[in-house]
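Here the structure comes first, spelled out in structure tokens, and everything after it is commentary.
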Protein chains: 2
Amino acid sequence: MPDEALVALAERLQGVCLGRGLPVAAAESCTGGLIGAAITSVPGSSGYFLGAVVAYADAAKGALLGVPTATLEAHGAVSAQAAMAMATGARERLEAALAVSVTGIAGPDGGSPAKPVGLTYIGLAAPSGVEVRRLVLAGDRAAVREAAAAAALAWLIEVAEVAGPEAPSA
Amino acid sequence: MPDEALVALAERLQGVCLGRGLPVAAAESCTGGLIGAAITSVPGSSGYFLGAVVAYADAAKGALLGVPTATLEAHGAVSAQAAMAMATGARERLEAALAVSVTGIAGPDGGSPAKPVGLTYIGLAAPSGVEVRRLVLAGDRAAVREAAAAAALAWLIEVAEVAGPEAPSA
């Protein structure tokens, strides 16, 4: 079972997205499916959740999300550029209104001085464009993954609350 | 965090697949990412796990896994045919040696006399071809999803133990 905090976020997201008619997708690397698992733990999630791509290997980021090899070679899989390309790819391929992406270094290995364990980029693709946030999360592998998934769900809620067909600004 | 039993299965799977050099992929519908989350909870899983497609909506099963619309229309998304097409699609698109798929009715809604809550099909695509198993799992939504993910991981282990470049029969 996903963590209770993730499920609580998924319930809030579902309420907002069902109310506003917003189909949602995700592209997960270091979280490996945690976001999808949390979202789909809530009955009725099929009403707004289209699916997710768990692109763990670099080849999967290209094949399933269209992330250019040049982006991965120039900036690495854990980069703002990769996160944005992943979110954009998920939004387009799954025909979602909103798509979130997560790429990071969950540890315990794989860190470096320039890219320490806990470094996480979250991308958010919406009709208005794509944005990215950079986080450095504390804790062990499980804690980093859960905090990354929580941050992604929280950002989705934030954007969903002001987006969509029923939003005053739409 | 994924369930301890799932993580234990993921650890066993990793041991077998790293030892035999078997890249693995998954296609998840009702489990929604649980399989990927369990696999990637284990440090070092990037050594064999390529990724997963969480194809929750039917459109995602087509766009990301190449499941034919005709298959979904004729047999439904929860069917042996869909499970086999999902596993085959994941294996081909992620260039995996082994790919597992899960499609089922986790409940509480969506069941019918012909397809009750708990009905689950698991597909397994390997170099030798694709197979499917039909299960009817007991319990609530969380129990059905976890049992389905566990069955998928256990079947992957079973096949990996007799497959791969280091297997005597290869």
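Each chain in the structure tokens gets a letter, A, B, ..., in the order shown, and its residues are numbered from 1; ligands are numbered from 1 in order too.
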Lay chain A over chain B using all C-alpha atoms, matched one to one in order, with a least-squares fit; then write it out as a CSV table (one decimal) with N, CA and C atoms, in the first residue's frame.
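Writing the result to out.csv gives the following:
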```
chain,number,residue,atom,x,y,z
A,1,MET,N,5.0,3.5,1.0
A,1,MET,CA,5.9,2.3,0.7
A,1,MET,C,5.0,1.1,0.3
A,2,PRO,N,5.5,0.4,-0.7
A,2,PRO,CA,4.8,-0.8,-1.1
A,2,PRO,C,4.9,-1.8,0.1
A,3,ASP,N,3.9,-2.7,0.1
A,3,ASP,CA,3.8,-3.8,1.1
A,3,ASP,C,5.1,-4.6,1.2
A,4,GLU,N,5.4,-5.0,2.4
A,4,GLU,CA,6.6,-5.8,2.7
A,4,GLU,C,6.7,-7.0,1.8
A,5,ALA,N,5.5,-7.7,1.6
A,5,ALA,CA,5.6,-8.9,0.9
A,5,ALA,C,5.9,-8.6,-0.6
A,6,LEU,N,5.5,-7.5,-1.1
A,6,LEU,CA,5.9,-7.2,-2.5
A,6,LEU,C,7.3,-6.8,-2.6
A,7,VAL,N,7.8,-6.1,-1.6
A,7,VAL,CA,9.3,-5.8,-1.6
A,7,VAL,C,10.1,-7.0,-1.5
A,8,ALA,N,9.7,-8.0,-0.7
A,8,ALA,CA,10.5,-9.3,-0.6
A,8,ALA,C,10.5,-10.0,-1.9
A,9,LEU,N,9.4,-10.0,-2.7
A,9,LEU,CA,9.3,-10.6,-4.0
A,9,LEU,C,10.2,-9.8,-5.0
A,10,ALA,N,10.2,-8.5,-4.8
A,10,ALA,CA,11.0,-7.7,-5.7
A,10,ALA,C,12.5,-7.9,-5.5
A,11,GLU,N,12.9,-8.2,-4.2
A,11,GLU,CA,14.3,-8.5,-3.9
A,11,GLU,C,14.7,-9.8,-4.5
A,12,ARG,N,13.8,-10.8,-4.4
A,12,ARG,CA,14.1,-12.1,-5.1
A,12,ARG,C,14.2,-12.0,-6.6
A,13,LEU,N,13.3,-11.2,-7.2
A,13,LEU,CA,13.3,-11.0,-8.6
A,13,LEU,C,14.6,-10.4,-9.1
A,14,GLN,N,15.0,-9.4,-8.3
A,14,GLN,CA,16.3,-8.6,-8.6
A,14,GLN,C,17.5,-9.6,-8.6
A,15,GLY,N,17.5,-10.4,-7.6
A,15,GLY,CA,18.7,-11.4,-7.5
A,15,GLY,C,18.7,-12.3,-8.7
A,16,VAL,N,17.6,-12.8,-9.1
A,16,VAL,CA,17.6,-13.7,-10.3
A,16,VAL,C,17.9,-13.0,-11.6
A,17,CYS,N,17.3,-11.8,-11.8
A,17,CYS,CA,17.5,-11.1,-13.1
A,17,CYS,C,18.8,-10.5,-13.2
A,18,LEU,N,19.4,-10.0,-12.1
A,18,LEU,CA,20.8,-9.5,-12.2
A,18,LEU,C,21.7,-10.6,-12.5
A,19,GLY,N,21.5,-11.7,-11.9
A,19,GLY,CA,22.4,-12.9,-12.1
A,19,GLY,C,22.3,-13.4,-13.5
A,20,ARG,N,21.2,-13.3,-14.1
A,20,ARG,CA,21.0,-13.9,-15.4
A,20,ARG,C,21.0,-12.9,-16.5
A,21,GLY,N,21.2,-11.6,-16.2
A,21,GLY,CA,21.2,-10.6,-17.2
A,21,GLY,C,19.9,-10.4,-18.0
A,22,LEU,N,18.8,-10.4,-17.2
A,22,LEU,CA,17.5,-10.3,-17.8
A,22,LEU,C,16.8,-9.0,-17.6
A,23,PRO,N,16.7,-8.1,-18.6
A,23,PRO,CA,16.0,-6.9,-18.5
A,23,PRO,C,14.5,-7.1,-18.4
A,24,VAL,N,13.8,-6.4,-17.5
A,24,VAL,CA,12.4,-6.7,-17.2
A,24,VAL,C,11.6,-5.4,-17.4
A,25,ALA,N,10.4,-5.6,-17.9
A,25,ALA,CA,9.4,-4.4,-18.0
A,25,ALA,C,8.0,-4.9,-17.5
A,26,ALA,N,7.1,-3.9,-17.3
A,26,ALA,CA,5.8,-4.3,-16.8
A,26,ALA,C,4.8,-3.4,-17.5
A,27,ALA,N,3.6,-3.9,-17.6
A,27,ALA,CA,2.4,-3.1,-18.1
A,27,ALA,C,1.3,-3.3,-17.0
A,28,GLU,N,0.9,-2.2,-16.4
A,28,GLU,CA,0.0,-2.3,-15.3
A,28,GLU,C,-1.3,-1.6,-15.6
A,29,SER,N,-2.4,-2.2,-15.3
A,29,SER,CA,-3.7,-1.5,-15.3
A,29,SER,C,-4.2,-1.4,-13.9
A,30,CYS,N,-4.9,-2.4,-13.4
A,30,CYS,CA,-5.5,-2.2,-12.0
A,30,CYS,C,-4.5,-2.0,-10.9
A,31,THR,N,-3.3,-2.5,-11.1
A,31,THR,CA,-2.3,-2.3,-10.0
A,31,THR,C,-1.7,-0.9,-10.1
A,32,GLY,N,-1.8,-0.2,-11.1
A,32,GLY,CA,-1.6,1.2,-11.2
A,32,GLY,C,-0.2,1.7,-10.9
A,33,GLY,N,0.8,0.9,-10.8
A,33,GLY,CA,2.1,1.3,-10.5
A,33,GLY,C,2.7,0.6,-9.3
A,34,LEU,N,1.9,-0.3,-8.7
A,34,LEU,CA,2.4,-1.0,-7.5
A,34,LEU,C,3.6,-1.9,-7.8
A,35,ILE,N,3.6,-2.5,-9.0
A,35,ILE,CA,4.6,-3.5,-9.4
A,35,ILE,C,5.9,-2.7,-9.6
A,36,GLY,N,5.8,-1.6,-10.3
A,36,GLY,CA,7.0,-0.7,-10.5
A,36,GLY,C,7.5,-0.1,-9.2
A,37,ALA,N,6.6,0.3,-8.4
A,37,ALA,CA,7.0,0.9,-7.1
A,37,ALA,C,7.7,-0.2,-6.2
A,38,ALA,N,7.2,-1.4,-6.2
A,38,ALA,CA,7.9,-2.4,-5.4
A,38,ALA,C,9.2,-2.8,-6.0
A,39,ILE,N,9.3,-2.9,-7.3
A,39,ILE,CA,10.6,-3.3,-7.9
A,39,ILE,C,11.6,-2.2,-7.6
A,40,THR,N,11.2,-0.9,-7.8
A,40,THR,CA,12.2,0.2,-7.7
A,40,THR,C,12.4,0.6,-6.2
A,41,SER,N,11.7,0.0,-5.3
A,41,SER,CA,12.0,0.3,-3.9
A,41,SER,C,13.4,-0.4,-3.5
A,42,VAL,N,13.8,-1.3,-4.3
A,42,VAL,CA,15.1,-2.0,-4.0
A,42,VAL,C,16.2,-1.3,-4.6
A,43,PRO,N,17.2,-0.9,-3.9
A,43,PRO,CA,18.4,-0.3,-4.4
A,43,PRO,C,19.1,-1.2,-5.5
A,44,GLY,N,19.5,-0.6,-6.6
A,44,GLY,CA,20.1,-1.5,-7.6
A,44,GLY,C,19.2,-2.0,-8.6
A,45,SER,N,17.9,-1.7,-8.5
A,45,SER,CA,16.9,-2.2,-9.5
A,45,SER,C,17.1,-1.6,-10.9
A,46,SER,N,17.8,-0.5,-11.0
A,46,SER,CA,18.1,0.0,-12.3
A,46,SER,C,19.0,-0.9,-13.1
A,47,GLY,N,19.6,-1.9,-12.4
A,47,GLY,CA,20.4,-2.8,-13.1
A,47,GLY,C,19.7,-3.8,-14.0
A,48,TYR,N,18.4,-3.9,-13.8
A,48,TYR,CA,17.6,-4.8,-14.7
A,48,TYR,C,16.2,-4.3,-15.0
A,49,PHE,N,15.7,-3.4,-14.3
A,49,PHE,CA,14.3,-2.9,-14.5
A,49,PHE,C,14.4,-1.7,-15.5
A,50,LEU,N,13.7,-1.9,-16.6
A,50,LEU,CA,13.7,-0.8,-17.7
A,50,LEU,C,12.6,0.2,-17.4
A,51,GLY,N,11.4,-0.3,-17.0
A,51,GLY,CA,10.3,0.6,-16.7
A,51,GLY,C,9.0,-0.1,-16.9
A,52,ALA,N,7.9,0.7,-16.7
A,52,ALA,CA,6.6,0.1,-16.8
A,52,ALA,C,5.7,1.1,-17.5
A,53,VAL,N,4.6,0.6,-18.0
A,53,VAL,CA,3.6,1.5,-18.5
A,53,VAL,C,2.3,1.2,-17.7
A,54,VAL,N,1.9,2.3,-17.0
A,54,VAL,CA,0.6,2.2,-16.3
A,54,VAL,C,-0.5,2.7,-17.2
A,55,ALA,N,-1.1,1.7,-17.8
A,55,ALA,CA,-2.1,2.0,-18.8
A,55,ALA,C,-3.5,1.9,-18.2
A,56,TYR,N,-3.9,3.0,-17.6
A,56,TYR,CA,-5.2,2.9,-16.8
A,56,TYR,C,-6.4,3.1,-17.7
A,57,ALA,N,-6.3,4.1,-18.6
A,57,ALA,CA,-7.4,4.3,-19.6
A,57,ALA,C,-7.2,3.4,-20.8
A,58,ASP,N,-8.3,3.0,-21.4
A,58,ASP,CA,-8.1,2.2,-22.6
A,58,ASP,C,-7.3,2.9,-23.7
A,59,ALA,N,-7.4,4.2,-23.8
A,59,ALA,CA,-6.6,4.9,-24.8
A,59,ALA,C,-5.1,4.8,-24.6
A,60,ALA,N,-4.8,4.7,-23.3
A,60,ALA,CA,-3.4,4.5,-22.9
A,60,ALA,C,-2.9,3.2,-23.3
A,61,LYS,N,-3.7,2.2,-23.2
A,61,LYS,CA,-3.3,0.8,-23.6
A,61,LYS,C,-3.0,0.8,-25.1
A,62,GLY,N,-3.7,1.5,-25.9
A,62,GLY,CA,-3.5,1.6,-27.3
A,62,GLY,C,-2.2,2.4,-27.6
A,63,ALA,N,-2.2,3.7,-27.0
A,63,ALA,CA,-1.2,4.6,-27.4
A,63,ALA,C,0.2,4.1,-26.9
A,64,LEU,N,0.3,3.6,-25.7
A,64,LEU,CA,1.6,3.3,-25.1
A,64,LEU,C,2.0,1.8,-25.2
A,65,LEU,N,1.0,1.0,-25.5
A,65,LEU,CA,1.4,-0.5,-25.5
A,65,LEU,C,1.0,-1.1,-26.9
A,66,GLY,N,0.2,-0.4,-27.7
A,66,GLY,CA,-0.2,-0.9,-29.0
A,66,GLY,C,-1.3,-2.0,-28.9
A,67,VAL,N,-2.0,-2.0,-27.8
A,67,VAL,CA,-3.1,-2.9,-27.7
A,67,VAL,C,-4.2,-2.5,-28.7
A,68,PRO,N,-4.6,-3.4,-29.6
A,68,PRO,CA,-5.5,-3.0,-30.7
A,68,PRO,C,-6.9,-2.6,-30.1
A,69,THR,N,-7.5,-1.6,-30.6
A,69,THR,CA,-8.8,-1.2,-30.2
A,69,THR,C,-9.8,-2.3,-30.4
A,70,ALA,N,-9.6,-3.1,-31.5
A,70,ALA,CA,-10.5,-4.2,-31.7
A,70,ALA,C,-10.4,-5.3,-30.6
A,71,THR,N,-9.3,-5.5,-30.0
A,71,THR,CA,-9.1,-6.4,-28.9
A,71,THR,C,-9.9,-5.9,-27.7
A,72,LEU,N,-9.8,-4.6,-27.4
A,72,LEU,CA,-10.5,-4.1,-26.3
A,72,LEU,C,-12.0,-4.1,-26.5
A,73,GLU,N,-12.4,-3.8,-27.7
A,73,GLU,CA,-13.9,-3.8,-28.0
A,73,GLU,C,-14.5,-5.2,-28.0
A,74,ALA,N,-13.7,-6.2,-28.5
A,74,ALA,CA,-14.2,-7.5,-28.6
A,74,ALA,C,-14.2,-8.3,-27.3
A,75,HIS,N,-13.2,-8.0,-26.5
A,75,HIS,CA,-13.0,-8.8,-25.3
A,75,HIS,C,-13.0,-8.0,-24.0
A,76,GLY,N,-12.9,-6.7,-24.1
A,76,GLY,CA,-12.8,-5.9,-22.9
A,76,GLY,C,-11.4,-5.7,-22.4
A,77,ALA,N,-11.2,-4.6,-21.6
A,77,ALA,CA,-9.9,-4.4,-21.1
A,77,ALA,C,-9.4,-5.4,-20.1
A,78,VAL,N,-10.4,-6.0,-19.4
A,78,VAL,CA,-10.1,-7.1,-18.5
A,78,VAL,C,-10.4,-8.4,-19.2
A,79,SER,N,-9.4,-8.9,-19.9
A,79,SER,CA,-9.5,-10.1,-20.6
A,79,SER,C,-8.2,-10.8,-20.9
A,80,ALA,N,-8.2,-12.0,-21.2
A,80,ALA,CA,-6.9,-12.7,-21.5
A,80,ALA,C,-6.2,-12.1,-22.7
A,81,GLN,N,-7.0,-11.7,-23.7
A,81,GLN,CA,-6.5,-11.1,-24.9
A,81,GLN,C,-5.8,-9.8,-24.6
A,82,ALA,N,-6.4,-9.0,-23.8
A,82,ALA,CA,-5.8,-7.7,-23.4
A,82,ALA,C,-4.5,-7.9,-22.6
A,83,ALA,N,-4.6,-8.8,-21.7
A,83,ALA,CA,-3.4,-9.0,-20.9
A,83,ALA,C,-2.2,-9.5,-21.7
A,84,MET,N,-2.5,-10.4,-22.7
A,84,MET,CA,-1.4,-10.8,-23.6
A,84,MET,C,-0.9,-9.7,-24.5
A,85,ALA,N,-1.8,-8.9,-25.0
A,85,ALA,CA,-1.3,-7.8,-25.8
A,85,ALA,C,-0.5,-6.7,-25.0
A,86,MET,N,-1.0,-6.5,-23.8
A,86,MET,CA,-0.2,-5.6,-22.9
A,86,MET,C,1.2,-6.1,-22.6
A,87,ALA,N,1.3,-7.3,-22.3
A,87,ALA,CA,2.6,-7.9,-22.0
A,87,ALA,C,3.5,-7.9,-23.2
A,88,THR,N,3.0,-8.2,-24.4
A,88,THR,CA,3.7,-8.2,-25.6
A,88,THR,C,4.2,-6.8,-26.0
A,89,GLY,N,3.2,-5.9,-25.8
A,89,GLY,CA,3.6,-4.5,-26.1
A,89,GLY,C,4.6,-3.9,-25.2
A,90,ALA,N,4.6,-4.2,-23.9
A,90,ALA,CA,5.6,-3.7,-23.0
A,90,ALA,C,7.0,-4.4,-23.3
A,91,ARG,N,7.0,-5.6,-23.6
A,91,ARG,CA,8.2,-6.3,-23.9
A,91,ARG,C,8.9,-5.7,-25.2
A,92,GLU,N,8.1,-5.5,-26.2
A,92,GLU,CA,8.6,-4.9,-27.5
A,92,GLU,C,9.1,-3.5,-27.3
A,93,ARG,N,8.2,-2.7,-26.7
A,93,ARG,CA,8.5,-1.2,-26.7
A,93,ARG,C,9.6,-0.9,-25.7
A,94,LEU,N,9.7,-1.7,-24.7
A,94,LEU,CA,10.8,-1.4,-23.7
A,94,LEU,C,12.0,-2.3,-24.0
A,95,GLU,N,12.0,-3.1,-25.0
A,95,GLU,CA,13.1,-4.0,-25.4
A,95,GLU,C,13.5,-4.9,-24.2
A,96,ALA,N,12.6,-5.5,-23.5
A,96,ALA,CA,12.8,-6.3,-22.4
A,96,ALA,C,12.9,-7.8,-22.8
A,97,ALA,N,13.6,-8.5,-21.9
A,97,ALA,CA,13.6,-10.0,-22.1
A,97,ALA,C,12.3,-10.6,-21.6
A,98,LEU,N,11.8,-10.0,-20.5
A,98,LEU,CA,10.6,-10.5,-19.8
A,98,LEU,C,9.7,-9.3,-19.5
A,99,ALA,N,8.4,-9.4,-19.8
A,99,ALA,CA,7.5,-8.4,-19.4
A,99,ALA,C,6.2,-9.0,-18.9
A,100,VAL,N,5.8,-8.5,-17.8
A,100,VAL,CA,4.5,-9.0,-17.1
A,100,VAL,C,3.5,-7.9,-17.3
A,101,SER,N,2.2,-8.3,-17.4
A,101,SER,CA,1.1,-7.4,-17.4
A,101,SER,C,0.0,-7.8,-16.4
A,102,VAL,N,-0.7,-6.8,-16.0
A,102,VAL,CA,-1.9,-7.1,-15.1
A,102,VAL,C,-3.0,-6.2,-15.5
A,103,THR,N,-4.2,-6.9,-15.7
A,103,THR,CA,-5.4,-6.1,-15.9
A,103,THR,C,-6.5,-6.9,-15.1
A,104,GLY,N,-7.3,-6.1,-14.3
A,104,GLY,CA,-8.3,-6.7,-13.5
A,104,GLY,C,-9.3,-5.7,-13.0
A,105,ILE,N,-10.2,-6.2,-12.2
A,105,ILE,CA,-11.2,-5.4,-11.6
A,105,ILE,C,-11.0,-5.4,-10.1
A,106,ALA,N,-10.5,-4.2,-9.7
A,106,ALA,CA,-10.0,-4.1,-8.3
A,106,ALA,C,-11.2,-3.8,-7.3
A,107,GLY,N,-12.3,-3.2,-7.9
A,107,GLY,CA,-13.4,-2.8,-7.1
A,107,GLY,C,-13.2,-1.5,-6.4
A,108,PRO,N,-14.2,-1.1,-5.6
A,108,PRO,CA,-15.4,-1.8,-5.3
A,108,PRO,C,-16.4,-1.8,-6.4
A,109,ASP,N,-16.3,-0.9,-7.4
A,109,ASP,CA,-17.3,-0.9,-8.5
A,109,ASP,C,-16.7,-1.6,-9.7
A,110,GLY,N,-17.5,-1.7,-10.7
A,110,GLY,CA,-17.0,-2.2,-12.0
A,110,GLY,C,-17.2,-3.7,-12.2
A,111,GLY,N,-17.6,-4.4,-11.2
A,111,GLY,CA,-17.8,-5.8,-11.4
A,111,GLY,C,-19.2,-6.2,-12.0
A,112,SER,N,-19.3,-7.4,-12.6
A,112,SER,CA,-20.5,-7.9,-13.2
A,112,SER,C,-20.5,-9.4,-13.0
A,113,PRO,N,-21.7,-10.0,-13.2
A,113,PRO,CA,-21.7,-11.5,-13.0
A,113,PRO,C,-20.6,-12.2,-13.9
A,114,ALA,N,-20.4,-11.7,-15.1
A,114,ALA,CA,-19.4,-12.4,-16.0
A,114,ALA,C,-18.0,-12.0,-15.6
A,115,LYS,N,-17.8,-10.8,-15.1
A,115,LYS,CA,-16.5,-10.3,-14.7
A,115,LYS,C,-16.6,-9.7,-13.3
A,116,PRO,N,-16.5,-10.5,-12.2
A,116,PRO,CA,-16.7,-10.1,-10.9
A,116,PRO,C,-15.5,-9.3,-10.4
A,117,VAL,N,-15.7,-8.5,-9.3
A,117,VAL,CA,-14.6,-7.8,-8.7
A,117,VAL,C,-13.6,-8.9,-8.2
A,118,GLY,N,-12.3,-8.7,-8.5
A,118,GLY,CA,-11.3,-9.6,-8.2
A,118,GLY,C,-10.8,-10.4,-9.4
A,119,LEU,N,-11.6,-10.4,-10.5
A,119,LEU,CA,-11.1,-11.1,-11.7
A,119,LEU,C,-9.8,-10.4,-12.2
A,120,THR,N,-8.8,-11.1,-12.4
A,120,THR,CA,-7.5,-10.5,-12.8
A,120,THR,C,-6.8,-11.4,-13.8
A,121,TYR,N,-6.4,-10.8,-14.9
A,121,TYR,CA,-5.6,-11.6,-15.9
A,121,TYR,C,-4.1,-11.1,-15.8
A,122,ILE,N,-3.2,-12.0,-15.8
A,122,ILE,CA,-1.8,-11.7,-15.8
A,122,ILE,C,-1.1,-12.3,-17.0
A,123,GLY,N,-0.4,-11.4,-17.8
A,123,GLY,CA,0.2,-11.9,-19.0
A,123,GLY,C,1.7,-11.9,-18.7
A,124,LEU,N,2.4,-12.8,-19.4
A,124,LEU,CA,3.9,-12.9,-19.3
A,124,LEU,C,4.5,-13.1,-20.7
A,125,ALA,N,5.2,-12.1,-21.1
A,125,ALA,CA,5.8,-12.2,-22.4
A,125,ALA,C,7.3,-12.5,-22.3
A,126,ALA,N,7.8,-13.6,-22.9
A,126,ALA,CA,9.2,-14.0,-22.8
A,126,ALA,C,9.7,-14.3,-24.2
A,127,PRO,N,11.0,-14.6,-24.4
A,127,PRO,CA,11.5,-14.9,-25.7
A,127,PRO,C,10.7,-16.1,-26.3
A,128,SER,N,10.2,-17.0,-25.5
A,128,SER,CA,9.5,-18.2,-26.0
A,128,SER,C,8.0,-17.9,-26.4
A,129,GLY,N,7.5,-16.7,-26.1
A,129,GLY,CA,6.1,-16.4,-26.4
A,129,GLY,C,5.4,-15.8,-25.2
A,130,VAL,N,4.1,-15.7,-25.3
A,130,VAL,CA,3.3,-15.0,-24.3
A,130,VAL,C,2.3,-16.0,-23.7
A,131,GLU,N,2.1,-15.9,-22.4
A,131,GLU,CA,1.1,-16.8,-21.7
A,131,GLU,C,0.3,-15.9,-20.9
A,132,VAL,N,-0.8,-16.5,-20.4
A,132,VAL,CA,-1.8,-15.7,-19.6
A,132,VAL,C,-2.3,-16.6,-18.5
A,133,ARG,N,-2.6,-16.0,-17.3
A,133,ARG,CA,-3.2,-16.7,-16.2
A,133,ARG,C,-4.4,-15.9,-15.8
A,134,ARG,N,-5.4,-16.6,-15.4
A,134,ARG,CA,-6.7,-16.0,-14.9
A,134,ARG,C,-6.8,-16.3,-13.4
A,135,LEU,N,-7.0,-15.2,-12.6
A,135,LEU,CA,-7.2,-15.4,-11.2
A,135,LEU,C,-8.5,-14.7,-10.7
A,136,VAL,N,-9.1,-15.2,-9.7
A,136,VAL,CA,-10.2,-14.4,-9.0
A,136,VAL,C,-9.7,-14.2,-7.6
A,137,LEU,N,-9.4,-13.0,-7.3
A,137,LEU,CA,-8.7,-12.6,-6.0
A,137,LEU,C,-9.8,-12.1,-5.0
A,138,ALA,N,-9.6,-12.5,-3.8
A,138,ALA,CA,-10.6,-12.1,-2.7
A,138,ALA,C,-10.1,-10.8,-2.0
A,139,GLY,N,-11.1,-10.1,-1.4
A,139,GLY,CA,-10.7,-9.0,-0.5
A,139,GLY,C,-11.1,-7.7,-1.1
A,140,ASP,N,-10.8,-6.6,-0.4
A,140,ASP,CA,-11.1,-5.3,-0.9
A,140,ASP,C,-10.2,-4.8,-1.9
A,141,ARG,N,-10.4,-3.5,-2.4
A,141,ARG,CA,-9.6,-3.0,-3.5
A,141,ARG,C,-8.0,-3.1,-3.2
A,142,ALA,N,-7.6,-2.7,-2.0
A,142,ALA,CA,-6.2,-2.8,-1.7
A,142,ALA,C,-5.7,-4.3,-1.7
A,143,ALA,N,-6.5,-5.2,-1.2
A,143,ALA,CA,-6.1,-6.6,-1.1
A,143,ALA,C,-6.0,-7.2,-2.5
A,144,VAL,N,-7.0,-6.8,-3.4
A,144,VAL,CA,-7.0,-7.4,-4.8
A,144,VAL,C,-5.7,-6.8,-5.5
A,145,ARG,N,-5.4,-5.5,-5.3
A,145,ARG,CA,-4.3,-4.9,-6.0
A,145,ARG,C,-3.0,-5.5,-5.6
A,146,GLU,N,-2.8,-5.7,-4.3
A,146,GLU,CA,-1.6,-6.3,-3.8
A,146,GLU,C,-1.4,-7.7,-4.1
A,147,ALA,N,-2.5,-8.5,-4.1
A,147,ALA,CA,-2.4,-9.9,-4.5
A,147,ALA,C,-2.1,-10.0,-6.0
A,148,ALA,N,-2.7,-9.1,-6.8
A,148,ALA,CA,-2.4,-9.1,-8.2
A,148,ALA,C,-0.9,-8.8,-8.5
A,149,ALA,N,-0.4,-7.8,-7.8
A,149,ALA,CA,1.0,-7.4,-8.0
A,149,ALA,C,1.9,-8.6,-7.5
A,150,ALA,N,1.6,-9.2,-6.4
A,150,ALA,CA,2.4,-10.3,-5.9
A,150,ALA,C,2.4,-11.5,-6.9
A,151,ALA,N,1.2,-11.8,-7.4
A,151,ALA,CA,1.2,-12.9,-8.4
A,151,ALA,C,2.0,-12.6,-9.6
A,152,ALA,N,2.0,-11.3,-10.1
A,152,ALA,CA,2.8,-10.9,-11.2
A,152,ALA,C,4.3,-11.1,-10.9
A,153,LEU,N,4.7,-10.6,-9.8
A,153,LEU,CA,6.1,-10.7,-9.4
A,153,LEU,C,6.6,-12.1,-9.2
A,154,ALA,N,5.7,-13.0,-8.6
A,154,ALA,CA,6.0,-14.4,-8.4
A,154,ALA,C,6.2,-15.1,-9.8
A,155,TRP,N,5.3,-14.8,-10.7
A,155,TRP,CA,5.4,-15.4,-12.0
A,155,TRP,C,6.7,-15.0,-12.7
A,156,LEU,N,7.0,-13.7,-12.6
A,156,LEU,CA,8.3,-13.2,-13.2
A,156,LEU,C,9.5,-14.0,-12.7
A,157,ILE,N,9.5,-14.2,-11.3
A,157,ILE,CA,10.6,-15.0,-10.7
A,157,ILE,C,10.6,-16.4,-11.3
A,158,GLU,N,9.5,-17.0,-11.4
A,158,GLU,CA,9.3,-18.4,-11.9
A,158,GLU,C,9.9,-18.5,-13.3
A,159,VAL,N,9.6,-17.5,-14.1
A,159,VAL,CA,10.1,-17.6,-15.5
A,159,VAL,C,11.5,-17.2,-15.6
A,160,ALA,N,11.9,-16.2,-14.8
A,160,ALA,CA,13.3,-15.8,-14.9
A,160,ALA,C,14.3,-16.9,-14.4
A,161,GLU,N,13.8,-17.7,-13.5
A,161,GLU,CA,14.7,-18.7,-13.0
A,161,GLU,C,15.1,-19.8,-14.0
A,162,VAL,N,14.3,-19.9,-15.0
A,162,VAL,CA,14.6,-20.9,-16.1
A,162,VAL,C,14.8,-20.3,-17.4
A,163,ALA,N,15.0,-19.0,-17.4
A,163,ALA,CA,15.2,-18.3,-18.7
A,163,ALA,C,16.6,-17.6,-18.7
A,164,GLY,N,16.9,-17.0,-19.8
A,164,GLY,CA,18.0,-16.1,-19.9
A,164,GLY,C,19.3,-16.7,-20.4
A,165,PRO,N,20.3,-15.8,-20.7
A,165,PRO,CA,21.5,-16.3,-21.3
A,165,PRO,C,22.3,-17.3,-20.5
A,166,GLU,N,22.1,-17.3,-19.2
A,166,GLU,CA,22.9,-18.2,-18.4
A,166,GLU,C,22.2,-19.5,-18.1
A,167,ALA,N,20.9,-19.6,-18.6
A,167,ALA,CA,20.1,-20.8,-18.3
A,167,ALA,C,20.6,-22.0,-19.2
A,168,PRO,N,20.7,-23.2,-18.6
A,168,PRO,CA,21.2,-24.4,-19.3
A,168,PRO,C,20.4,-24.6,-20.6
A,169,SER,N,19.1,-24.3,-20.6
A,169,SER,CA,18.3,-24.6,-21.8
A,169,SER,C,18.4,-23.6,-22.8
A,170,ALA,N,19.1,-22.5,-22.6
A,170,ALA,CA,19.1,-21.4,-23.5
A,170,ALA,C,20.0,-21.7,-24.7
```
Task: DSSP-assigned alpha helix (DSSP H) members of chain B, reported as an MDAnalysis selection string - done: chainID B and resid 4:20 34:40 58:65 69:75 80:93 141:160
